[in-house]
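Visitor: As input, take start.pdb (PDB, C-alpha atoms):
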```pdb
ATOM      1  CA  MET A   1     -31.790  23.269 -70.100
ATOM      2  CA  SER A   2     -33.714  21.851 -67.167
ATOM      3  CA  ASP A   3     -36.732  19.611 -67.782
ATOM      4  CA  ASP A   4     -38.555  21.194 -64.826
ATOM      5  CA  PRO A   5     -41.927  22.353 -66.300
ATOM      6  CA  ARG A   6     -42.071  25.206 -63.801
ATOM      7  CA  LYS A   7     -39.088  26.850 -65.458
ATOM      8  CA  THR A   8     -39.275  29.086 -68.507
ATOM      9  CA  SER A   9     -36.517  30.345 -70.761
ATOM     10  CA  GLN A  10     -36.132  33.472 -72.869
ATOM     11  CA  ARG A  11     -37.565  31.567 -75.825
ATOM     12  CA  ASP A  12     -40.850  31.296 -73.905
ATOM     13  CA  GLN A  13     -41.266  35.022 -73.304
ATOM     14  CA  PRO A  14     -44.332  36.833 -74.670
ATOM     15  CA  PRO A  15     -43.697  38.397 -78.101
ATOM     16  CA  GLY A  16     -43.068  42.107 -78.205
ATOM     17  CA  LEU A  17     -41.626  42.229 -74.701
ATOM     18  CA  ARG A  18     -38.077  42.817 -75.954
ATOM     19  CA  ASP A  19     -36.670  44.438 -79.094
ATOM     20  CA  PRO A  20     -35.356  41.539 -81.227
ATOM     21  CA  GLY A  21     -32.833  43.875 -82.842
ATOM     22  CA  GLU A  22     -31.030  44.521 -79.569
ATOM     23  CA  PHE A  23     -28.744  42.368 -77.452
ATOM     24  CA  ARG A  24     -29.076  43.352 -73.821
ATOM     25  CA  ILE A  25     -26.437  42.730 -71.161
ATOM     26  CA  LEU A  26     -26.735  43.092 -67.382
ATOM     27  CA  ALA A  27     -23.340  43.569 -65.658
ATOM     28  CA  LEU A  28     -23.054  43.494 -61.854
ATOM     29  CA  SER A  29     -19.899  44.671 -60.084
ATOM     30  CA  GLY A  30     -18.169  43.232 -57.029
ATOM     31  CA  GLY A  31     -17.733  44.736 -53.579
ATOM     32  CA  GLY A  32     -18.561  42.306 -50.763
ATOM     33  CA  TYR A  33     -21.345  43.480 -48.465
ATOM     34  CA  LEU A  34     -21.591  46.654 -50.550
ATOM     35  CA  GLY A  35     -23.464  44.399 -52.972
ATOM     36  CA  LEU A  36     -26.540  45.116 -50.850
ATOM     37  CA  TYR A  37     -26.697  48.381 -52.808
ATOM     38  CA  SER A  38     -26.784  46.457 -56.107
ATOM     39  CA  ALA A  39     -29.334  43.984 -54.774
ATOM     40  CA  ALA A  40     -31.650  46.764 -53.605
ATOM     41  CA  VAL A  41     -31.393  48.546 -56.976
ATOM     42  CA  LEU A  42     -32.195  45.303 -58.828
ATOM     43  CA  ALA A  43     -35.084  44.485 -56.510
ATOM     44  CA  ALA A  44     -36.585  47.945 -57.075
ATOM     45  CA  LEU A  45     -36.275  47.619 -60.860
ATOM     46  CA  GLU A  46     -37.751  44.124 -60.757
ATOM     47  CA  ALA A  47     -40.708  45.414 -58.747
ATOM     48  CA  GLN A  48     -41.260  48.141 -61.326
ATOM     49  CA  ILE A  49     -41.379  45.785 -64.316
ATOM     50  CA  GLY A  50     -43.505  43.225 -62.495
ATOM     51  CA  GLU A  51     -41.623  40.085 -63.540
ATOM     52  CA  PRO A  52     -38.183  38.469 -63.107
ATOM     53  CA  ILE A  53     -35.677  40.976 -64.437
ATOM     54  CA  GLY A  54     -33.622  38.252 -66.110
ATOM     55  CA  ARG A  55     -36.271  38.023 -68.833
ATOM     56  CA  ARG A  56     -35.216  41.437 -70.077
ATOM     57  CA  PHE A  57     -31.589  40.456 -70.812
ATOM     58  CA  ASP A  58     -29.717  38.219 -73.248
ATOM     59  CA  LEU A  59     -26.600  37.884 -71.090
ATOM     60  CA  ILE A  60     -26.019  38.324 -67.354
ATOM     61  CA  ALA A  61     -22.558  38.768 -65.815
ATOM     62  CA  GLY A  62     -21.521  39.209 -62.213
ATOM     63  CA  THR A  63     -18.240  39.483 -60.332
ATOM     64  CA  SER A  64     -17.771  38.520 -56.682
ATOM     65  CA  VAL A  65     -20.958  39.510 -54.821
ATOM     66  CA  GLY A  66     -22.283  40.517 -58.230
ATOM     67  CA  GLY A  67     -21.935  36.835 -59.098
ATOM     68  CA  ILE A  68     -24.421  35.937 -56.373
ATOM     69  CA  LEU A  69     -26.863  38.453 -57.789
ATOM     70  CA  ALA A  70     -26.193  37.410 -61.392
ATOM     71  CA  ALA A  71     -26.933  33.782 -60.551
ATOM     72  CA  ALA A  72     -30.140  34.836 -58.805
ATOM     73  CA  VAL A  73     -31.183  36.803 -61.892
ATOM     74  CA  ALA A  74     -30.265  33.949 -64.238
ATOM     75  CA  PHE A  75     -32.350  31.485 -62.210
ATOM     76  CA  GLU A  76     -35.178  33.994 -61.616
ATOM     77  CA  LEU A  77     -34.865  33.939 -57.834
ATOM     78  CA  PRO A  78     -36.803  36.787 -56.155
ATOM     79  CA  LEU A  79     -34.345  39.614 -55.658
ATOM     80  CA  SER A  80     -36.351  41.088 -52.810
ATOM     81  CA  GLN A  81     -35.532  37.944 -50.823
ATOM     82  CA  LEU A  82     -31.825  38.472 -51.413
ATOM     83  CA  VAL A  83     -32.135  42.012 -50.073
ATOM     84  CA  GLU A  84     -33.802  40.606 -46.964
ATOM     85  CA  TYR A  85     -30.981  38.090 -46.578
ATOM     86  CA  PHE A  86     -28.320  40.809 -46.814
ATOM     87  CA  VAL A  87     -30.118  42.910 -44.210
ATOM     88  CA  ASP A  88     -31.126  40.148 -41.782
ATOM     89  CA  GLN A  89     -28.312  37.622 -42.135
ATOM     90  CA  GLY A  90     -25.409  39.450 -43.733
ATOM     91  CA  ASP A  91     -23.508  39.384 -40.444
ATOM     92  CA  GLU A  92     -23.474  35.576 -40.613
ATOM     93  CA  VAL A  93     -21.366  35.808 -43.783
ATOM     94  CA  PHE A  94     -19.366  38.926 -42.951
ATOM     95  CA  SER A  95     -18.759  40.892 -39.753
ATOM     96  CA  SER A  96     -21.213  42.386 -37.300
ATOM     97  CA  ARG A  97     -18.418  44.666 -36.067
ATOM     98  CA  ALA A  98     -18.301  48.293 -37.118
ATOM     99  CA  LEU A  99     -15.450  49.657 -39.216
ATOM    100  CA  PRO A 100     -12.401  49.716 -36.905
ATOM    101  CA  SER A 101     -11.068  53.130 -35.940
ATOM    102  CA  GLY A 102      -7.669  53.878 -34.514
ATOM    103  CA  ARG A 103      -4.355  52.115 -35.053
ATOM    104  CA  VAL A 104      -4.851  49.378 -32.438
ATOM    105  CA  ALA A 105      -8.354  48.470 -33.603
ATOM    106  CA  ARG A 106      -7.176  48.304 -37.221
ATOM    107  CA  LEU A 107      -4.263  46.047 -36.278
ATOM    108  CA  VAL A 108      -6.563  43.712 -34.356
ATOM    109  CA  ASP A 109      -8.963  43.485 -37.281
ATOM    110  CA  LEU A 110      -6.104  42.909 -39.732
ATOM    111  CA  SER A 111      -4.727  40.101 -37.553
ATOM    112  CA  ARG A 112      -7.906  38.076 -38.147
ATOM    113  CA  SER A 113      -6.716  37.222 -41.663
ATOM    114  CA  VAL A 114      -2.978  36.857 -41.088
ATOM    115  CA  LEU A 115      -2.813  33.067 -40.629
ATOM    116  CA  GLY A 116      -5.899  32.068 -42.602
ATOM    117  CA  PRO A 117      -9.097  33.338 -44.267
ATOM    118  CA  LYS A 118     -10.963  35.902 -42.211
ATOM    119  CA  TYR A 119     -14.311  34.137 -42.733
ATOM    120  CA  SER A 120     -15.249  30.473 -43.053
ATOM    121  CA  GLY A 121     -17.721  30.847 -45.924
ATOM    122  CA  ARG A 122     -20.054  28.245 -44.379
ATOM    123  CA  ALA A 123     -23.032  30.614 -44.133
ATOM    124  CA  LEU A 124     -22.588  31.733 -47.744
ATOM    125  CA  ARG A 125     -22.348  28.152 -48.991
ATOM    126  CA  GLN A 126     -25.486  27.269 -47.060
ATOM    127  CA  LEU A 127     -27.353  30.175 -48.674
ATOM    128  CA  LEU A 128     -26.234  29.213 -52.170
ATOM    129  CA  GLU A 129     -27.086  25.552 -51.729
ATOM    130  CA  GLN A 130     -30.492  26.428 -50.279
ATOM    131  CA  ARG A 131     -31.353  28.725 -53.195
ATOM    132  CA  LEU A 132     -29.608  26.925 -56.073
ATOM    133  CA  GLY A 133     -29.600  23.322 -54.868
ATOM    134  CA  GLN A 134     -27.726  21.001 -57.236
ATOM    135  CA  ALA A 135     -28.249  23.273 -60.257
ATOM    136  CA  ARG A 136     -25.616  23.162 -62.986
ATOM    137  CA  PHE A 137     -24.805  25.858 -65.511
ATOM    138  CA  ALA A 138     -26.853  23.965 -68.096
ATOM    139  CA  ASP A 139     -29.934  24.511 -65.899
ATOM    140  CA  ALA A 140     -29.832  28.327 -65.942
ATOM    141  CA  LEU A 141     -32.853  30.043 -67.432
ATOM    142  CA  HIS A 142     -30.736  32.825 -68.931
ATOM    143  CA  PRO A 143     -27.111  33.044 -70.200
ATOM    144  CA  LEU A 144     -24.718  33.619 -67.300
ATOM    145  CA  LEU A 145     -21.033  34.568 -66.874
ATOM    146  CA  LEU A 146     -19.032  34.426 -63.643
ATOM    147  CA  PRO A 147     -15.386  35.612 -63.745
ATOM    148  CA  ALA A 148     -13.016  33.788 -61.380
ATOM    149  CA  VAL A 149      -9.292  33.094 -61.023
ATOM    150  CA  ASN A 150      -7.670  29.671 -61.101
ATOM    151  CA  VAL A 151      -5.112  30.253 -58.342
ATOM    152  CA  THR A 152      -3.594  26.809 -58.935
ATOM    153  CA  THR A 153      -2.442  27.821 -62.419
ATOM    154  CA  SER A 154      -2.576  31.637 -62.025
ATOM    155  CA  GLN A 155      -5.004  31.932 -64.938
ATOM    156  CA  THR A 156      -8.267  33.752 -65.423
ATOM    157  CA  LYS A 157     -11.430  31.702 -65.762
ATOM    158  CA  VAL A 158     -14.944  32.655 -66.829
ATOM    159  CA  PHE A 159     -17.577  30.111 -65.830
ATOM    160  CA  LYS A 160     -20.325  30.106 -68.468
ATOM    161  CA  THR A 161     -23.640  28.634 -69.379
ATOM    162  CA  PRO A 162     -23.565  26.732 -72.727
ATOM    163  CA  HIS A 163     -25.271  29.602 -74.535
ATOM    164  CA  ALA A 164     -23.059  29.447 -77.649
ATOM    165  CA  PRO A 165     -21.053  26.700 -79.395
ATOM    166  CA  ALA A 166     -17.793  28.371 -78.321
ATOM    167  CA  SER A 167     -18.976  28.782 -74.718
ATOM    168  CA  ARG A 168     -19.335  25.151 -73.762
ATOM    169  CA  GLY A 169     -17.417  23.195 -71.159
ATOM    170  CA  ASP A 170     -18.934  24.326 -67.851
ATOM    171  CA  GLU A 171     -22.452  22.987 -68.316
ATOM    172  CA  HIS A 172     -21.988  20.341 -65.601
ATOM    173  CA  VAL A 173     -20.262  22.629 -63.091
ATOM    174  CA  SER A 174     -22.219  23.317 -59.904
ATOM    175  CA  VAL A 175     -23.468  26.906 -59.984
ATOM    176  CA  ALA A 176     -23.251  27.125 -56.186
ATOM    177  CA  ASP A 177     -19.586  26.081 -56.305
ATOM    178  CA  ALA A 178     -18.773  28.532 -59.097
ATOM    179  CA  VAL A 179     -20.518  31.421 -57.334
ATOM    180  CA  LEU A 180     -18.712  30.610 -54.093
ATOM    181  CA  ALA A 181     -15.410  30.527 -55.995
ATOM    182  CA  ALA A 182     -16.180  33.813 -57.743
ATOM    183  CA  CYS A 183     -16.729  35.395 -54.296
ATOM    184  CA  ALA A 184     -13.622  33.949 -52.622
ATOM    185  CA  ALA A 185     -11.645  37.148 -52.099
ATOM    186  CA  PRO A 186      -8.102  36.222 -50.988
ATOM    187  CA  ALA A 187      -7.574  36.519 -47.209
ATOM    188  CA  TYR A 188     -11.336  36.877 -46.712
ATOM    189  CA  PHE A 189     -12.542  33.459 -47.931
ATOM    190  CA  ALA A 190     -10.722  30.255 -48.820
ATOM    191  CA  PRO A 191     -10.432  29.359 -52.529
ATOM    192  CA  VAL A 192     -12.916  26.780 -53.775
ATOM    193  CA  PRO A 193     -11.910  23.443 -55.367
ATOM    194  CA  ILE A 194     -13.501  22.774 -58.764
ATOM    195  CA  GLY A 195     -12.259  20.144 -61.189
ATOM    196  CA  GLY A 196      -8.902  19.642 -59.510
ATOM    197  CA  SER A 197      -7.995  23.346 -59.206
ATOM    198  CA  LEU A 198      -8.581  26.058 -56.625
ATOM    199  CA  PHE A 199     -10.543  29.134 -57.685
ATOM    200  CA  ALA A 200     -10.782  32.596 -56.148
ATOM    201  CA  ASP A 201     -12.537  35.927 -56.636
ATOM    202  CA  GLY A 202     -12.862  37.176 -60.223
ATOM    203  CA  GLY A 203     -12.459  40.695 -58.876
ATOM    204  CA  LEU A 204      -8.720  40.090 -59.071
ATOM    205  CA  PHE A 205      -8.989  40.925 -62.781
ATOM    206  CA  ALA A 206     -12.575  42.010 -63.494
ATOM    207  CA  VAL A 207     -14.160  43.744 -60.521
ATOM    208  CA  ALA A 208     -16.668  45.126 -63.028
ATOM    209  CA  PRO A 209     -17.533  42.350 -65.526
ATOM    210  CA  ASP A 210     -18.717  44.723 -68.252
ATOM    211  CA  GLN A 211     -15.738  44.156 -70.553
ATOM    212  CA  VAL A 212     -15.831  40.397 -70.044
ATOM    213  CA  ALA A 213     -19.518  40.350 -70.966
ATOM    214  CA  LEU A 214     -19.053  42.536 -74.040
ATOM    215  CA  HIS A 215     -16.185  40.339 -75.233
ATOM    216  CA  GLU A 216     -18.358  37.258 -74.732
ATOM    217  CA  ALA A 217     -21.125  38.786 -76.832
ATOM    218  CA  GLU A 218     -18.801  39.908 -79.632
ATOM    219  CA  HIS A 219     -16.240  37.125 -79.796
ATOM    220  CA  PHE A 220     -18.086  34.018 -78.651
ATOM    221  CA  MET A 221     -21.685  34.820 -79.580
ATOM    222  CA  GLY A 222     -21.033  36.773 -82.783
ATOM    223  CA  ILE A 223     -23.056  39.821 -81.765
ATOM    224  CA  ASP A 224     -22.421  43.098 -83.584
ATOM    225  CA  VAL A 225     -21.455  45.663 -80.942
ATOM    226  CA  ALA A 226     -23.865  48.126 -82.568
ATOM    227  CA  ARG A 227     -26.704  45.910 -81.305
ATOM    228  CA  VAL A 228     -25.488  45.815 -77.696
ATOM    229  CA  ARG A 229     -27.205  47.720 -74.920
ATOM    230  CA  MET A 230     -25.743  47.290 -71.424
ATOM    231  CA  LEU A 231     -27.112  48.051 -67.975
ATOM    232  CA  SER A 232     -24.317  48.104 -65.393
ATOM    233  CA  ILE A 233     -24.787  48.360 -61.619
ATOM    234  CA  GLY A 234     -22.008  49.294 -59.197
ATOM    235  CA  THR A 235     -21.538  48.972 -55.444
ATOM    236  CA  ALA A 236     -21.616  52.602 -54.242
ATOM    237  CA  THR A 237     -17.849  53.158 -54.427
ATOM    238  CA  VAL A 238     -17.714  56.250 -56.654
ATOM    239  CA  GLY A 239     -15.057  58.584 -55.250
ATOM    240  CA  TYR A 240     -14.058  56.208 -52.450
ATOM    241  CA  GLN A 241     -11.887  57.679 -49.687
ATOM    242  CA  PRO A 242     -10.614  55.777 -46.612
ATOM    243  CA  ALA A 243     -12.335  56.713 -43.372
ATOM    244  CA  GLU A 244      -9.197  58.081 -41.732
ATOM    245  CA  GLY A 245      -7.844  59.920 -44.757
ATOM    246  CA  ILE A 246      -4.809  59.389 -46.970
ATOM    247  CA  ASP A 247      -1.370  58.876 -45.428
ATOM    248  CA  ALA A 248       1.501  59.330 -47.881
ATOM    249  CA  ASP A 249       3.789  57.297 -45.623
ATOM    250  CA  ALA A 250       1.412  54.339 -45.183
ATOM    251  CA  GLY A 251       3.004  50.901 -45.204
ATOM    252  CA  ALA A 252       1.456  47.452 -45.346
ATOM    253  CA  VAL A 253      -0.704  48.022 -42.278
ATOM    254  CA  GLY A 254      -1.993  51.353 -43.550
ATOM    255  CA  TRP A 255      -2.852  49.933 -46.959
ATOM    256  CA  LEU A 256      -4.330  46.620 -45.792
ATOM    257  CA  SER A 257      -6.258  47.691 -42.691
ATOM    258  CA  ASP A 258      -9.838  48.876 -43.227
ATOM    259  CA  GLY A 259      -9.626  47.120 -46.591
ATOM    260  CA  ARG A 260      -8.086  50.304 -48.022
ATOM    261  CA  LEU A 261      -6.102  48.531 -50.751
ATOM    262  CA  ILE A 262      -8.948  46.327 -51.951
ATOM    263  CA  MET A 263     -11.463  49.181 -51.703
ATOM    264  CA  THR A 264      -9.188  51.370 -53.832
ATOM    265  CA  LEU A 265      -8.856  48.583 -56.409
ATOM    266  CA  ILE A 266     -12.628  48.100 -56.460
ATOM    267  CA  ALA A 267     -13.334  51.809 -56.887
ATOM    268  CA  VAL A 268     -10.780  52.537 -59.607
ATOM    269  CA  GLY A 269     -11.455  49.242 -61.390
ATOM    270  CA  GLN A 270     -15.153  50.043 -61.704
ATOM    271  CA  GLN A 271     -14.446  53.630 -62.722
ATOM    272  CA  HIS A 272     -12.000  52.569 -65.444
ATOM    273  CA  VAL A 273     -14.336  49.970 -66.933
ATOM    274  CA  GLN A 274     -17.216  52.452 -66.903
ATOM    275  CA  ALA A 275     -15.143  54.967 -68.879
ATOM    276  CA  MET A 276     -14.234  52.375 -71.510
ATOM    277  CA  MET A 277     -17.797  51.091 -71.851
ATOM    278  CA  GLU A 278     -19.094  54.628 -72.268
ATOM    279  CA  ASP A 279     -16.542  55.129 -75.043
ATOM    280  CA  ARG A 280     -17.532  51.889 -76.775
ATOM    281  CA  LEU A 281     -21.302  51.908 -76.336
ATOM    282  CA  GLY A 282     -22.152  55.574 -75.846
ATOM    283  CA  ALA A 283     -25.823  56.085 -75.022
ATOM    284  CA  ARG A 284     -26.360  52.332 -75.195
ATOM    285  CA  TYR A 285     -24.563  52.017 -71.851
ATOM    286  CA  LEU A 286     -26.272  52.922 -68.566
ATOM    287  CA  ARG A 287     -24.363  52.777 -65.294
ATOM    288  CA  ILE A 288     -26.232  52.931 -61.980
ATOM    289  CA  ASP A 289     -24.034  53.721 -58.992
ATOM    290  CA  ALA A 290     -23.745  56.007 -55.972
ATOM    291  CA  ARG A 291     -21.021  58.145 -54.481
ATOM    292  CA  TRP A 292     -19.140  56.767 -51.505
ATOM    293  CA  PRO A 293     -20.702  58.386 -48.417
ATOM    294  CA  ALA A 294     -18.153  59.969 -46.093
ATOM    295  CA  ASP A 295     -18.065  58.720 -42.507
ATOM    296  CA  ALA A 296     -20.845  56.172 -43.102
ATOM    297  CA  GLY A 297     -18.954  53.242 -41.629
ATOM    298  CA  LEU A 298     -19.053  51.161 -44.820
ATOM    299  CA  GLY A 299     -16.635  48.444 -45.902
ATOM    300  CA  ILE A 300     -16.576  45.306 -48.004
ATOM    301  CA  ASP A 301     -17.153  43.122 -44.936
ATOM    302  CA  ILE A 302     -19.024  45.496 -42.636
ATOM    303  CA  ALA A 303     -22.543  44.064 -42.236
ATOM    304  CA  THR A 304     -23.927  46.250 -39.470
ATOM    305  CA  PRO A 305     -27.512  47.550 -39.282
ATOM    306  CA  GLN A 306     -26.100  51.022 -39.966
ATOM    307  CA  ALA A 307     -24.340  49.821 -43.125
ATOM    308  CA  ALA A 308     -27.514  48.105 -44.333
ATOM    309  CA  LYS A 309     -29.519  51.264 -43.714
ATOM    310  CA  VAL A 310     -27.059  53.444 -45.633
ATOM    311  CA  LEU A 311     -26.764  51.084 -48.608
ATOM    312  CA  THR A 312     -30.518  50.585 -49.025
ATOM    313  CA  ARG A 313     -31.034  54.345 -48.749
ATOM    314  CA  LEU A 314     -28.454  54.968 -51.449
ATOM    315  CA  ALA A 315     -30.176  52.393 -53.666
ATOM    316  CA  ARG A 316     -33.556  54.100 -53.257
ATOM    317  CA  GLN A 317     -32.017  57.458 -54.105
ATOM    318  CA  SER A 318     -30.291  56.055 -57.194
ATOM    319  CA  VAL A 319     -33.467  54.473 -58.529
ATOM    320  CA  LYS A 320     -35.492  57.603 -57.831
ATOM    321  CA  ALA A 321     -32.967  59.744 -59.715
ATOM    322  CA  LEU A 322     -33.015  57.595 -62.876
ATOM    323  CA  ASP A 323     -34.321  59.023 -66.129
ATOM    324  CA  ARG A 324     -37.418  56.839 -66.625
ATOM    325  CA  GLN A 325     -37.486  57.262 -70.367
ATOM    326  CA  ARG A 326     -33.845  56.291 -70.735
ATOM    327  CA  LEU A 327     -34.186  53.395 -68.289
ATOM    328  CA  ALA A 328     -37.094  52.013 -70.299
ATOM    329  CA  ALA A 329     -34.751  51.509 -73.248
ATOM    330  CA  PHE A 330     -32.732  49.063 -71.133
ATOM    331  CA  LEU A 331     -35.672  47.237 -69.558
TER     332      LEU A 331
END
```
Rewrite the coordinates I just gave you, this time as structure tokens.
Guide:
Amino acid sequence: MSDDPRKTSQRDQPPGLRDPGEFRILALSGGGYLGLYSAAVLAALEAQIGEPIGRRFDLIAGTSVGGILAAAVAFELPLSQLVEYFVDQGDEVFSSRALPSGRVARLVDLSRSVLGPKYSGRALRQLLEQRLGQARFADALHPLLLPAVNVTTSQTKVFKTPHAPASRGDEHVSVADAVLAACAAPAYFAPVPIGGSLFADGGLFAVAPDQVALHEAEHFMGIDVARVRMLSIGTATVGYQPAEGIDADAGAVGWLSDGRLIMTLIAVGQQHVQAMMEDRLGARYLRIDARWPADAGLGIDIATPQAAKVLTRLARQSVKALDRQRLAAFL
């Protein structure tokens, strides 16, 4: 752990704040700019409890954009500031263009990633280095997991804090590098070199990191599943439908333009994991998510003022609709 006296760990928390009989997990799904929804939900919950939300969890996991948020939670960065960044500077990372409509516009947008990554990733790296500096996984205030893919060896990889004897090995890895790698969606961002290999987005196998986190708790940390309580936050993709409808005869252009293929994978991946976690944990699993709004102009890389407005509105509605008594059991 860091020697910085300004930092506190879970061991320093006031007694009675958390039930010692429970093991609490926070799982944050991927979805590009749609992660503004997750960030706004987290910021609202953090404002309600009046302290960094990471202090209420024993393990924090995030995939893709959820990895950015998970790192922020694990290092107790103010989540309200991340919401402001998404709203004010999201178009520096993603696109300020609206969702393309019509065949020609979709082809033009698709062509931006034909010969190389669609985005440079420079703005995102700058953000991460500004907020996380030279922090390593050993410096995190709370246990953290970031799924990624080693594209050099075609193997899955979970970057971890050294929170258990069987979870060591990444303590000296730069958190900024690992987060950037965990967000490097193929064709959107270039893979990130770490330790002689190239790493890409963990959403390729775990768009919702819930299962990865539960396996970490059970297998590597020795936690009885009966003790686990998990709060999971999605990216407003429930019931996703492409803006221009479903075409049974769609080819590569139809599936790849508008991000239809990746959006479908994100939506069904999150839905499938949610169903399995509900079966395993029952009432000890709480999923916060919103239905995909029709004709709202949303996409994984659409960072327009309209998209920001819709996503923050959906987050407010989701938080308002929560059962306060049930939520209290998770926070």
Visitor: Atom CA of A:Arg136 and atom CA of A:Ala166, how far apart in Å?
Guide: 18.0 Å
Visitor: Write out as a PyMOL selection string each polymer residue whose atoms come within 8 Å of stretch 38-42 of chain A, counting all atoms listed in the file; drop sequence neighbours fewer than 6 positions from it.
Guide: chain A and resi 28+53+66+69+79-80+82-83+233-235+312+315-316+318-319
Visitor: Could you jot down the atom CA of A:Val228 to atom CA of A:Phe23 separation for me, Å, one decimal place?
Guide: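 That distance, rounded to one decimal, is 4.7 Å.
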Visitor: Counting all atoms listed in the file, I want the residues whose atoms come within 10 Å of (-34.2, 51.9, -70.9) in the file frame, returned as a list in words.
Guide: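 Checking each residue against the 10 Å limit leaves Arg229, Met230, Leu231, Arg284, Tyr285, Leu286, Leu322, Asp323, Arg324, Gln325, Arg326, Leu327, Ala328, Ala329, Phe330 and Leu331 of chain A.
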Visitor: Neighbouring residues of A:Pro186 were defined as those with any atom within 8 Å, considering only C-alpha atoms; residues of the same chain fewer than 4 positions away were excluded. Please report them as number ranges by chain.
Guide: A: 117, 190-191, 200-201
